[in-house]
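Asks: Supplied structure: target-v9.cif, mmCIF, C-alpha atoms and all ligand atoms.
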data_structure
#
loop_
_atom_site.label_atom_id
_atom_site.label_comp_id
_atom_site.auth_asym_id
_atom_site.auth_seq_id
_atom_site.Cartn_x
_atom_site.Cartn_y
_atom_site.Cartn_z
CA MET A 1 -15.32 -9.08 -14.87
CA ASN A 2 -14.59 -5.75 -13.19
CA LYS A 3 -15.17 -2.33 -14.73
CA ILE A 4 -12.13 -0.65 -16.26
CA ARG A 5 -12.84 2.42 -14.11
CA ASN A 6 -15.35 3.70 -11.57
CA ARG A 7 -16.22 6.95 -13.24
CA VAL A 8 -16.73 8.26 -16.78
CA PRO A 9 -14.72 11.49 -17.12
CA LYS A 10 -16.63 14.55 -18.25
CA HIS A 11 -15.64 17.86 -19.85
CA SER A 12 -17.57 20.03 -17.43
CA TYR A 13 -15.70 23.31 -17.96
CA LYS A 14 -17.76 25.74 -20.04
CA GLY A 15 -15.89 29.00 -19.47
CA GLU A 16 -13.24 30.88 -21.43
CA LYS A 17 -11.88 29.12 -24.52
CA TRP A 18 -8.13 28.91 -24.14
CA LYS A 19 -5.63 28.87 -26.96
CA THR A 20 -2.85 27.19 -25.06
CA ILE A 21 -2.42 23.63 -23.94
CA LYS A 22 -1.11 24.87 -20.58
CA SER A 23 -4.32 26.73 -19.75
CA ASN A 24 -6.49 23.85 -20.94
CA LYS A 25 -4.46 21.38 -18.92
CA LYS A 26 -5.22 23.19 -15.66
CA ARG A 27 -8.90 22.56 -16.17
CA LEU A 28 -8.52 19.04 -17.63
CA VAL A 29 -6.71 17.90 -14.46
CA ILE A 30 -9.86 18.80 -12.52
CA ASP A 31 -12.34 17.34 -14.99
CA PHE A 32 -10.42 14.06 -15.29
CA GLN A 33 -9.70 13.97 -11.54
CA ASN A 34 -5.97 13.40 -12.16
CA LYS A 35 -6.57 10.18 -14.10
CA CYS A 36 -5.69 9.13 -17.63
CA ALA A 37 -8.73 9.16 -19.93
CA TYR A 38 -7.77 5.83 -21.50
CA CYS A 39 -6.18 3.60 -18.83
CA ASP A 40 -7.47 5.33 -15.64
CA ASP A 41 -3.98 5.49 -14.08
CA PHE A 42 -3.53 8.21 -11.43
CA ASP A 43 -0.98 10.86 -12.39
CA ARG A 44 0.54 10.81 -8.90
CA TYR A 45 1.93 7.30 -9.53
CA SER A 46 3.71 8.56 -12.64
CA GLY A 47 5.40 11.79 -11.64
CA GLY A 48 2.32 13.99 -11.30
CA GLU A 49 0.61 16.51 -13.55
CA ASP A 50 3.84 17.72 -15.17
CA ASN A 51 4.48 14.23 -16.52
CA TYR A 52 1.00 13.82 -17.93
CA HIS A 53 0.09 14.81 -21.47
CA ILE A 54 -2.85 16.27 -23.33
CA ASP A 55 -4.11 13.95 -26.02
CA HIS A 56 -6.08 15.29 -28.97
CA PHE A 57 -8.81 12.68 -29.34
CA ALA A 58 -9.25 13.55 -33.02
CA PRO A 59 -5.57 14.24 -33.82
CA LYS A 60 -4.57 17.85 -34.47
CA SER A 61 -2.33 16.70 -37.36
CA LYS A 62 -5.51 15.76 -39.27
CA PHE A 63 -7.99 18.17 -37.73
CA LYS A 64 -6.18 21.43 -37.08
CA HIS A 65 -9.45 23.22 -36.23
CA LEU A 66 -9.84 20.97 -33.15
CA GLU A 67 -6.44 21.79 -31.66
CA PHE A 68 -7.85 23.87 -28.79
CA VAL A 69 -11.43 22.63 -28.71
CA TYR A 70 -11.78 21.65 -25.06
CA GLU A 71 -14.06 18.64 -25.65
CA ASN A 72 -11.43 17.16 -28.00
CA LEU A 73 -8.71 17.27 -25.34
CA MET A 74 -8.07 14.28 -23.10
CA TYR A 75 -5.90 14.21 -19.98
CA SER A 76 -3.61 11.30 -20.72
CA CYS A 77 -0.69 9.40 -19.27
CA PRO A 78 2.46 9.54 -21.45
CA TYR A 79 2.11 5.82 -22.29
CA CYS A 80 -1.38 6.05 -23.78
CA ASN A 81 -0.64 9.37 -25.47
CA ARG A 82 2.53 8.11 -27.14
CA ALA A 83 0.85 4.89 -28.20
CA LYS A 84 -2.15 6.68 -29.72
CA LYS A 85 -0.06 9.32 -31.53
CA ASP A 86 -1.88 10.50 -34.67
CA LYS A 87 -3.85 7.31 -35.24
CA TRP A 88 -7.33 7.88 -36.63
CA ILE A 89 -9.63 5.83 -38.83
CA GLY A 90 -10.82 7.75 -41.90
CA ASP A 91 -10.90 11.46 -42.62
CA ASN A 92 -13.91 12.59 -40.66
CA SER A 93 -13.45 13.77 -37.07
CA GLU A 94 -17.06 12.79 -36.28
CA ILE A 95 -16.65 9.17 -37.41
CA THR A 96 -14.56 7.45 -34.77
CA ILE A 97 -15.13 3.79 -35.73
CA ILE A 98 -15.06 2.06 -39.11
CA GLN A 99 -15.52 -1.71 -39.26
CA ASN A 100 -14.68 -2.26 -35.60
CA LYS A 101 -11.51 -0.19 -35.82
CA GLY A 102 -10.90 3.19 -34.23
CA PHE A 103 -11.30 4.79 -30.83
CA ILE A 104 -14.42 5.23 -28.71
CA ASN A 105 -14.45 8.58 -26.95
CA PRO A 106 -13.31 7.85 -23.35
CA CYS A 107 -15.75 10.47 -22.04
CA THR A 108 -18.68 8.17 -22.84
CA SER A 109 -20.00 5.09 -21.05
CA GLU A 110 -19.70 3.33 -24.42
CA TYR A 111 -15.94 3.26 -23.77
CA ASP A 112 -16.50 1.11 -20.66
CA ARG A 113 -18.42 -1.45 -22.69
CA GLN A 114 -15.32 -2.20 -24.77
CA LEU A 115 -12.84 -2.84 -21.96
CA GLY A 116 -12.86 -4.38 -18.48
CA ARG A 117 -10.47 -5.57 -15.75
CA ASP A 118 -9.62 -9.07 -14.66
CA ASP A 119 -9.19 -9.98 -10.99
CA LYS A 120 -5.51 -9.02 -11.07
CA GLY A 121 -6.29 -5.55 -12.38
CA ASN A 122 -5.17 -6.17 -15.94
CA ILE A 123 -7.16 -4.35 -18.61
CA VAL A 124 -8.91 -6.80 -20.94
CA PRO A 125 -10.75 -6.25 -24.22
CA LEU A 126 -14.44 -7.18 -24.25
CA THR A 127 -15.32 -6.51 -27.90
CA ALA A 128 -13.65 -6.29 -31.31
CA ILE A 129 -13.38 -2.50 -30.91
CA GLY A 130 -11.98 -3.08 -27.43
CA GLU A 131 -9.39 -5.39 -28.95
CA TYR A 132 -8.35 -2.68 -31.41
CA MET A 133 -7.99 -0.04 -28.67
CA TYR A 134 -6.23 -2.51 -26.36
CA LYS A 135 -3.52 -3.10 -28.96
CA GLU A 136 -3.23 0.43 -30.34
CA LEU A 137 -3.12 2.09 -26.90
CA LYS A 138 -0.87 -0.67 -25.49
CA LEU A 139 -3.33 -1.19 -22.66
CA TYR A 140 -1.63 -4.54 -22.02
CA LEU A 141 1.32 -2.78 -20.32
CA SER A 142 1.72 -4.23 -16.84
CA ARG A 143 2.01 -0.75 -15.32
CA HIS A 144 -1.77 -0.32 -15.71
CA ALA A 145 -2.48 -3.31 -13.43
CA ILE A 146 0.20 -2.11 -10.98
CA ASN A 147 -1.32 1.38 -10.81
CA TYR A 148 -4.83 -0.03 -10.43
CA ASN A 149 -3.68 -2.13 -7.47
CA LEU A 150 -1.71 0.77 -5.99
CA GLU A 151 -4.91 2.77 -5.93
CA LYS A 152 -6.72 -0.05 -4.11
CA VAL A 153 -3.93 -0.43 -1.55
CA GLU A 154 -3.79 3.35 -1.03
CA PHE A 155 -7.52 3.36 -0.33
CA GLN A 156 -7.14 0.53 2.20
CA LEU A 157 -4.22 2.36 3.84
CA LYS A 158 -6.37 5.44 4.33
CA GLN A 159 -9.16 3.35 5.87
CA ILE A 160 -6.78 1.63 8.29
CA LYS A 161 -5.14 4.93 9.22
CA LYS A 162 -8.57 6.35 10.03
CA SER A 163 -9.31 3.38 12.31
CA ILE A 164 -5.93 3.70 14.04
CA ASP A 165 -6.46 7.44 14.60
CA GLN A 166 -9.97 6.85 15.89
CA LYS A 167 -8.67 4.27 18.35
CA LYS A 168 -6.01 6.71 19.52
CA VAL A 169 -8.72 9.29 20.21
CA ASN A 170 -10.46 6.64 22.31
CA GLY A 171 -7.22 5.92 24.13
CA GLU A 172 -6.83 2.50 22.52
CA TYR A 173 -3.92 0.94 20.69
CA SER A 174 -4.24 -1.91 18.21
CA GLU A 175 -1.01 -3.77 17.64
CA GLU A 176 -2.69 -5.83 14.94
CA LEU A 177 -3.89 -2.80 12.96
CA GLU A 178 -0.50 -1.08 13.28
CA ALA A 179 1.16 -4.23 11.89
CA VAL A 180 -1.26 -4.47 8.94
CA TYR A 181 -0.70 -0.78 8.24
CA LYS A 182 3.06 -1.21 8.25
CA ASP A 183 2.90 -4.26 5.95
CA LEU A 184 0.57 -2.52 3.51
CA CYS A 185 2.82 0.56 3.46
CA ALA A 186 5.77 -1.64 2.54
CA ILE A 187 3.78 -3.26 -0.29
CA PHE A 188 2.56 0.13 -1.48
CA TYR A 189 6.05 1.63 -1.73
CA GLU A 190 7.50 -1.51 -3.29
CA TYR A 191 4.96 -1.32 -6.12
CA TYR A 192 5.15 2.47 -6.28
CA ASP A 193 8.87 2.10 -7.04
CA ILE A 194 8.11 -0.55 -9.67
CA SER A 195 5.47 1.72 -11.23
CA CYS A 196 8.01 4.55 -11.47
CA GLN A 197 10.45 2.32 -13.35
CA LYS A 198 8.17 0.10 -15.35
CA LYS A 199 6.69 0.50 -18.81
ZN ZN A 201 -3.08 5.97 -19.89
#
As structure tokens, how would this structure be written, given the file I've shared?
Ligand SMILES: [Zn+2]
Replies:
Amino acid sequence: MNKIRNRVPKHSYKGEKWKTIKSNKKRLVIDFQNKCAYCDDFDRYSGGEDNYHIDHFAPKSKFKHLEFVYENLMYSCPYCNRAKKDKWIGDNSEITIIQNKGFINPCTSEYDRQLGRDDKGNIVPLTAIGEYMYKELKLYLSRHAINYNLEKVEFQLKQIKKSIDQKKVNGEYSEELEAVYKDLCAIFYEYYDISCQKK
């Protein structure tokens, strides 16, 4: 089983406390490294920062006092944010789980113990709490596997490009590498288009 993500996001900003979502978002993009807190999808495969949302981990409809508390804000793709909506177990913002239902804060490594990835990049639940989050956040959407694989292909493309450029510097030309690069580019853009259309 693979990990759902390679890094646990962290609210590292400790400066001015902003009272607007716009100001908070600027900093969240950096702290979450352009990735959704829940599904780990890159924003650039889904229309960029403007298309991404700010999720209130403990919903502001229930906990008004947390509306602009930075640590309660999660950079989120529109799919996870819309699926989560105002869902919350109980009436206490500090109690996130009751009888295996609720949400684990994605800025903890505990989150990664609930969910993993299969070999195709699909998110899979590992525990009862994971099962709850998987259903409530709609983590079964195929776009999450597509985006995960896009990221892998993009990484490979960069590596191959580096090798090609290095060879050029050395006055060499690799027909084989150029062909692999071209094929991978075609795959990347085919899936990129699918990601843009798919739910
Ligand atoms: Zn997401």
Asks: Residues contacting ligand ZN 201 (chain A) - anything with an atom at most 6 Å away, using only C-alpha atoms and all ligand atoms - can you give me those as a list in words?
Replies: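 For ligand ZN 201 (chain A), the residues inside 6 Å are Cys36, Tyr38, Cys39, Asp41, Ser76, Cys77, Tyr79 and Cys80 of chain A.
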Asks: Could you state the separation of atom CA of A:Ile160 and atom CA of A:Asp183 in Å, given to one decimal place?
Replies: 11.6 Å
Asks: Would you be able to write out as a list in words which residues have an atom within 6 Å of (-10.1, 11.0, -33.2) in the file's coordinates, counting only C-alpha atoms?
Replies: Phe57, Ala58, Pro59, Trp88, Ser93 and Thr96 of chain A
Asks: Go ahead and write the selection's residues with C-alpha atoms as an mmCIF file, keeping the file's coordinate frame.
Replies:
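Result saved to result.cif:
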data_model
loop_
_atom_site.group_PDB
_atom_site.id
_atom_site.type_symbol
_atom_site.label_atom_id
_atom_site.label_comp_id
_atom_site.auth_asym_id
_atom_site.auth_seq_id
_atom_site.Cartn_x
_atom_site.Cartn_y
_atom_site.Cartn_z
ATOM 1 C CA PHE A 57 -8.810 12.680 -29.340
ATOM 2 C CA ALA A 58 -9.250 13.550 -33.020
ATOM 3 C CA PRO A 59 -5.570 14.240 -33.820
ATOM 4 C CA TRP A 88 -7.330 7.880 -36.630
ATOM 5 C CA SER A 93 -13.450 13.770 -37.070
ATOM 6 C CA THR A 96 -14.560 7.450 -34.770
#
Asks: Atom CA of A:His65 and atom CA of A:Phe103 are how many Å apart?
Replies: 19.3 Å
Asks: Rounded to one decimal, what separation in Å do you get between atom CA of A:Ala186 and atom CA of A:Ala145?
Replies: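 Interatomic distance, atom CA of A:Ala186 to atom CA of A:Ala145: 18.1 Å.
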Asks: Taking only C-alpha atoms into account, name the residue in A:Tyr181, A:Ile129, A:Lys19, A:Leu157 that is nearest to A:Ile98.
Replies: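 Among the listed residues, A:Ile129 lies closest to A:Ile98.
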Asks: Taking every listed atom of stretch 21-31 of chain A and adding 8 Å to each side, what centre and edge lengths in Å (one decimal) does the axis-aligned box have, as lines of an AutoDock Vina configuration file?
Replies:
center_x = -6.7
center_y = 22.0
center_z = -18.2
size_x = 27.2
size_y = 25.4
size_z = 27.4
Asks: Excluding A:Asn105 and any residue of its chain fewer than 5 positions from it, enumerate the residues within 12 Å of it, using only C-alpha atoms, and give them as a list in words.
Replies: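 So the residues in contact are Val8, Pro9, Lys10, His11, Ala37, Tyr38, Asp55, His56, Phe57, Ala58, Glu71, Asn72, Leu73, Met74, Ser93, Glu94, Ile95, Thr96, Ile97, Glu110, Tyr111, Asp112, Arg113, Gln114, Ile129, Gly130 and Met133 of chain A.
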Asks: In file coordinates, which residues lie within 12 Å of (-5.9, 2.0, -9.4) using all atoms listed in the file, given as a PyMOL selection string?
Replies: chain A and resi 3-6+34-36+39-45+117+120-123+143-156+188+191-192+195
Asks: Using all atoms listed in the file, which of A:Gly47, A:Tyr140, A:Tyr75, A:Lys182 sits nearest A:Lys22?
Replies: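 The shortest atom-to-atom distance to A:Lys22 comes from A:Tyr75.
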Asks: Quick one: residues within 6 Å of A:Pro78, only C-alpha atoms, excluding same-chain residues fewer than 3 positions away - as a list of chain:residue names?
Replies: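 Final neighbour list, sorted by chain and number: A:Tyr52, A:His53, A:Asn81, A:Arg82.
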